[in-house]
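Visitor: Let me give you the structure first, and then I'll get to my questions.
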Amino acid sequence: MRRCQIQQSTTTLRIRRRMGRRAVLPVVASFVVLFGSTMAAERRAIGAETGASVEGVVKFDGSQPKRRSIQMKEKGGKLSDCHKLHKAGLLDENLLVGDKGELANVFVYVRKGLEKGKEYPAAKKPAVLNQKNCMFYPRVQGVRVGQDFVMKNGDPVLHNVRSFSFRNRAFNVAQPPKSEDRKKVFKYREKAVMIQCDLHSWMKAYFFVMDHPYFAVTDAKGRFKIKGLPAGEYTLSAWHEEFGEQETKITVGTTGSTEVGFSFKEKAK
Ligand SMILES: [Cu+2]
């Protein structure tokens, strides 16, 4: 009987010890999670305050490409009215390379690494697409989910804006000369949506619908700058309409700027 009691109490002790360990484990785990997330939040806050940035140059690795001369003809071969705006001719803007290989109109953006589920302040100013001298401007841009996307026609020529979007509802908007601006708003993030004018097939532009503000488009010097990125590790992606996409991993500190370069190679002929 006594032996039995001793055995019982030993068993109870073992159970208590096990329970004790079990009880301790979740506390340790949650401490790590909480401590970890607090540190990450602090790093993010510091990054936002100090304006840590990612910047660099995108280059084209190859011989200077010759720009394509556009035949300003409509369907059926009739000379387009755009011809009157470009009596000296018109060159395509699909591939703009500077003297030192600087590549313009590359969309550079943070693809991975941002805090999941975080919402960013809405973009108040609209994103604008102009139709000017029978070209779309800008050629490449980022539009935020929920931001106004305004289309304007400043030409004395009829244009239309057809979108080749998949996640967002595709649209086709006709814009006669002096017609009112038109507006669209996109619900979902989407990569590299092409827009084209049906009347003038060379009129093309691209936009990315973004759910965060960390993106930029390279200028004529191939430069880009993404400001205010919280400290952390990210995948940065660069997209060009002729070359597609490439990405690299980056580590952003709490201050200063991180320099990143991209290089797109000439296509094999
Ligand atoms: Cu057009």
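Residue numbers start at 1 in each chain; chains themselves are named A, B, ... in the order of the structure tokens; ligands are numbered from 1 in the order shown.
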Throw together the list of residues within 7 Å of ligand 1, counting only C-alpha atoms and all ligand atoms, and drop it here as a short mmCIF file (atom, residue, chain, number, x, y, z; two decimals) with N, CA and C atoms, in the first residue's frame.
Guide:
```cif
data_model
loop_
_atom_site.label_atom_id
_atom_site.label_comp_id
_atom_site.auth_asym_id
_atom_site.auth_seq_id
_atom_site.Cartn_x
_atom_site.Cartn_y
_atom_site.Cartn_z
N CYS A 134 0.71 61.39 -80.61
CA CYS A 134 0.52 59.99 -81.01
C CYS A 134 1.46 59.02 -80.29
N LEU A 158 -8.15 61.21 -82.91
CA LEU A 158 -8.86 60.23 -82.09
C LEU A 158 -7.92 59.10 -81.67
N HIS A 159 -7.93 58.81 -80.37
CA HIS A 159 -7.18 57.66 -79.86
C HIS A 159 -8.12 56.78 -79.03
N ASN A 160 -7.68 55.59 -78.74
CA ASN A 160 -8.37 54.80 -77.71
C ASN A 160 -7.34 54.10 -76.84
N CYS A 197 -3.24 51.58 -78.36
CA CYS A 197 -4.28 52.28 -79.13
C CYS A 197 -4.56 51.42 -80.36
N ASP A 198 -5.82 51.09 -80.57
CA ASP A 198 -6.18 50.24 -81.72
C ASP A 198 -5.94 50.94 -83.06
N LEU A 199 -6.03 52.27 -83.04
CA LEU A 199 -5.89 53.02 -84.29
C LEU A 199 -4.42 53.18 -84.69
N HIS A 200 -3.55 53.24 -83.69
CA HIS A 200 -2.13 53.46 -83.95
C HIS A 200 -1.35 52.39 -83.17
N MET A 203 1.41 52.80 -80.55
CA MET A 203 1.15 53.47 -79.26
C MET A 203 0.95 52.41 -78.19
#
```
Visitor: Show me, as number ranges by chain, the residues that have an atom within 12 Å of region 77-90 of chain A when counting only C-alpha atoms, minus same-chain residues fewer than 4 positions from it.
Guide: A: 67-73, 131-135, 155-159, 199-203
Visitor: Would you please extract all strand (DSSP E or B) residues from region 106-143 of chain A, as assigned by DSSP on the backbone, and give them as a list in words?
Guide: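 The residues of region 106-143 of chain A classed as strand (DSSP E or B) are Phe107, Val108, Tyr109, Val110, Arg111, Lys112, Ala127, Val128, Leu129, Asn130, Gln131, Lys132, Met135, Phe136, Tyr137, Val140, Gln141, Gly142 and Val143 of chain A.
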Visitor: Mind pulling up the distance from CA of Leu114 (chain A) to CA of Ala52 (chain A)?
Guide: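 These atoms are spaced 14.4 Å apart.
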Visitor: Please provide as a list in words all residues within 12 Å of Lys125 (chain A), with the sequence filter that same-chain residues fewer than 5 positions apart are discarded (counting only C-alpha atoms).
Guide: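 Listing them by chain and then by number gives Val143, Arg144, Gly146, Gln147, Asp148, Phe149 and Val150 of chain A.
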Visitor: Looking at only C-alpha atoms, which of A:Phe207, A:Tyr234, A:Phe60, A:Phe224 is the one that sits closest to Phe136 (chain A)?
Guide: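 Counting only C-alpha atoms, the residue closest to Phe136 (chain A) is A:Phe207.
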